[in-house]
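Shown below: run.pdb, with PDB, C-alpha atoms, pLDDT in the B column.
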```
ATOM      1  CA  MET A   1     -34.527  52.402 -57.333  1.00 63.00           C
ATOM      2  CA  ASP A   2     -31.709  50.271 -58.645  1.00 93.00           C
ATOM      3  CA  TYR A   3     -28.417  51.753 -59.815  1.00 95.00           C
ATOM      4  CA  TRP A   4     -28.918  51.093 -63.532  1.00 93.00           C
ATOM      5  CA  SER A   5     -32.274  52.896 -63.480  1.00 94.00           C
ATOM      6  CA  LYS A   6     -30.628  55.803 -61.675  1.00 96.00           C
ATOM      7  CA  ILE A   7     -28.005  56.062 -64.442  1.00 96.00           C
ATOM      8  CA  GLU A   8     -30.612  55.842 -67.208  1.00 94.00           C
ATOM      9  CA  ASN A   9     -32.847  58.459 -65.565  1.00 94.00           C
ATOM     10  CA  TYR A  10     -29.853  60.785 -65.253  1.00 95.00           C
ATOM     11  CA  LEU A  11     -29.095  60.415 -68.968  1.00 94.00           C
ATOM     12  CA  GLU A  12     -32.734  61.075 -69.892  1.00 92.00           C
ATOM     13  CA  ARG A  13     -32.632  64.359 -67.953  1.00 92.00           C
ATOM     14  CA  SER A  14     -29.274  65.472 -69.310  1.00 91.00           C
ATOM     15  CA  GLU A  15     -28.864  67.158 -72.663  1.00 84.00           C
ATOM     16  CA  GLY A  16     -26.123  65.995 -74.965  1.00 88.00           C
ATOM     17  CA  TRP A  17     -22.987  64.046 -74.218  1.00 94.00           C
ATOM     18  CA  VAL A  18     -22.139  63.090 -70.633  1.00 95.00           C
ATOM     19  CA  ASP A  19     -18.754  61.871 -69.392  1.00 95.00           C
ATOM     20  CA  ILE A  20     -18.719  58.644 -67.381  1.00 95.00           C
ATOM     21  CA  GLU A  21     -16.893  60.468 -64.564  1.00 95.00           C
ATOM     22  CA  GLN A  22     -19.707  63.032 -64.449  1.00 96.00           C
ATOM     23  CA  ILE A  23     -22.289  60.245 -64.086  1.00 96.00           C
ATOM     24  CA  ILE A  24     -20.337  58.832 -61.135  1.00 97.00           C
ATOM     25  CA  ARG A  25     -20.096  62.269 -59.459  1.00 97.00           C
ATOM     26  CA  ASP A  26     -23.683  63.397 -60.031  1.00 96.00           C
ATOM     27  CA  THR A  27     -25.531  60.139 -59.290  1.00 95.00           C
ATOM     28  CA  ASN A  28     -23.376  58.779 -56.436  1.00 95.00           C
ATOM     29  CA  VAL A  29     -23.494  55.371 -58.108  1.00 96.00           C
ATOM     30  CA  PRO A  30     -20.365  53.301 -57.388  1.00 96.00           C
ATOM     31  CA  ARG A  31     -17.736  53.355 -60.131  1.00 96.00           C
ATOM     32  CA  TRP A  32     -17.853  49.574 -60.657  1.00 96.00           C
ATOM     33  CA  VAL A  33     -21.617  49.732 -61.302  1.00 96.00           C
ATOM     34  CA  VAL A  34     -21.237  52.555 -63.849  1.00 96.00           C
ATOM     35  CA  GLU A  35     -18.403  50.636 -65.546  1.00 95.00           C
ATOM     36  CA  GLN A  36     -20.561  47.506 -65.697  1.00 96.00           C
ATOM     37  CA  TRP A  37     -23.535  49.470 -67.075  1.00 96.00           C
ATOM     38  CA  PHE A  38     -21.299  51.116 -69.695  1.00 95.00           C
ATOM     39  CA  LYS A  39     -19.922  47.768 -70.909  1.00 94.00           C
ATOM     40  CA  LYS A  40     -23.181  45.784 -70.826  1.00 95.00           C
ATOM     41  CA  ILE A  41     -25.791  48.377 -71.808  1.00 94.00           C
ATOM     42  CA  ALA A  42     -24.286  51.457 -73.455  1.00 93.00           C
ATOM     43  CA  LEU A  43     -21.876  49.562 -75.714  1.00 92.00           C
ATOM     44  CA  ASN A  44     -24.206  46.673 -76.607  1.00 93.00           C
ATOM     45  CA  THR A  45     -27.587  48.276 -77.288  1.00 90.00           C
ATOM     46  CA  ASN A  46     -28.852  50.849 -79.741  1.00 90.00           C
ATOM     47  CA  LEU A  47     -30.418  52.926 -76.947  1.00 91.00           C
ATOM     48  CA  TYR A  48     -27.235  54.936 -76.412  1.00 93.00           C
ATOM     49  CA  GLU A  49     -24.504  56.503 -78.509  1.00 93.00           C
ATOM     50  CA  VAL A  50     -20.956  56.161 -77.217  1.00 94.00           C
ATOM     51  CA  LYS A  51     -17.768  57.968 -78.158  1.00 94.00           C
ATOM     52  CA  ILE A  52     -14.278  58.127 -76.742  1.00 93.00           C
ATOM     53  CA  VAL A  53     -12.561  61.520 -76.844  1.00 93.00           C
ATOM     54  CA  ILE A  54      -8.823  61.886 -76.309  1.00 94.00           C
ATOM     55  CA  PHE A  55      -7.904  65.426 -75.294  1.00 92.00           C
ATOM     56  CA  GLY A  56      -4.735  66.618 -73.611  1.00 92.00           C
ATOM     57  CA  GLY A  57      -3.524  63.066 -73.104  1.00 91.00           C
ATOM     58  CA  LYS A  58      -6.664  62.065 -71.191  1.00 92.00           C
ATOM     59  CA  GLN A  59      -9.350  59.703 -72.416  1.00 91.00           C
ATOM     60  CA  TYR A  60     -13.008  60.610 -71.867  1.00 92.00           C
ATOM     61  CA  ARG A  61     -15.785  58.067 -72.372  1.00 93.00           C
ATOM     62  CA  MET A  62     -18.916  59.910 -73.410  1.00 94.00           C
ATOM     63  CA  VAL A  63     -22.470  58.602 -73.676  1.00 95.00           C
ATOM     64  CA  ARG A  64     -25.866  60.053 -74.637  1.00 93.00           C
ATOM     65  CA  LEU A  65     -29.319  58.858 -75.554  1.00 92.00           C
ATOM     66  CA  ASN A  66     -29.559  57.724 -79.146  1.00 89.00           C
ATOM     67  CA  GLY A  67     -31.589  60.319 -81.049  1.00 76.00           C
ATOM     68  CA  ARG A  68     -32.629  57.719 -83.613  1.00 60.00           C
ATOM     69  CA  ARG A  69     -34.355  55.394 -81.169  1.00 51.00           C
ATOM     70  CA  ARG A  70     -38.095  54.825 -81.245  1.00 49.00           C
ATOM     71  CA  VAL A  71     -40.078  56.296 -78.394  1.00 47.00           C
TER      72      VAL A  71
END
```
Please go through the file and, once you have read it, give me the structure as structure tokens.
Amino acid sequence: MDYWSKIENYLERSEGWVDIEQIIRDTNVPRWVVEQWFKKIALNTNLYEVKIVIFGGKQYRMVRLNGRRRV
């Protein structure tokens, strides 16, 4: 299984918003691969919703499956 599929399968199983750091921890996918996936797939397709949350001076990049997508 390639890394991008591993990330996408993880998001399909998760409920709600997931932090990029959590994806790295839970899937054991290298950080550079998750960063690349985030920039090329999550930000540039309508399959995922993305938001950036700033809380306590830290920035969290959150992603989830788009609820409006066709199945």
Item to check | For Val34 of chain A: contacts at 9 Å, all atoms listed in the file, fewer than 4 positions along chain excluded, given as a ChimeraX atom specification | outcome: /A:3-4,7,20,23-24,29-30,38-39
Quick one: which residues end up in the PyMOL selection byres ((chain A and resi 46) around 12) for this structure, as a compact mmCIF listing (two decimals) with C-alpha atoms, keeping the file's coordinate frame?
```txt
# COMPACT_ATOMS: atom_id res chain seq x y z
CA LYS A 40 -23.18 45.78 -70.83
CA ILE A 41 -25.79 48.38 -71.81
CA ALA A 42 -24.29 51.46 -73.46
CA LEU A 43 -21.88 49.56 -75.71
CA ASN A 44 -24.21 46.67 -76.61
CA THR A 45 -27.59 48.28 -77.29
CA LEU A 47 -30.42 52.93 -76.95
CA TYR A 48 -27.24 54.94 -76.41
CA GLU A 49 -24.50 56.50 -78.51
CA VAL A 50 -20.96 56.16 -77.22
CA VAL A 63 -22.47 58.60 -73.68
CA ARG A 64 -25.87 60.05 -74.64
CA LEU A 65 -29.32 58.86 -75.55
CA ASN A 66 -29.56 57.72 -79.15
CA GLY A 67 -31.59 60.32 -81.05
CA ARG A 68 -32.63 57.72 -83.61
CA ARG A 69 -34.35 55.39 -81.17
CA ARG A 70 -38.10 54.82 -81.24
```
Checklist entry - Applied to the shown file, which residues does the PyMOL selection byres ((chain A and resi 52) around 9) return, written as a list in words? => result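 For this structure, the PyMOL selection byres ((chain A and resi 52) around 9) resolves to Val50, Lys51, Val53, Ile54, Gln59, Tyr60, Arg61, Met62 and Val63 of chain A.
Relative to atom CA of Gly56 of chain A, atom CA of Gln22 of chain A is found at 17.9 Å.
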Item to check | Separation of atom CA of Leu11 of chain A from atom CA of Phe55 of chain A, in Å and rounded to one decimal | outcome: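 Between atom CA of Leu11 of chain A and atom CA of Phe55 of chain A the gap works out to 22.7 Å.
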Checklist entry - For the atom pair atom CA of Asp26 of chain A and atom CA of Lys6 of chain A, what is the interatomic distance in Å to one decimal place? => result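 Rounded to one decimal, the two atoms are 10.4 Å apart.
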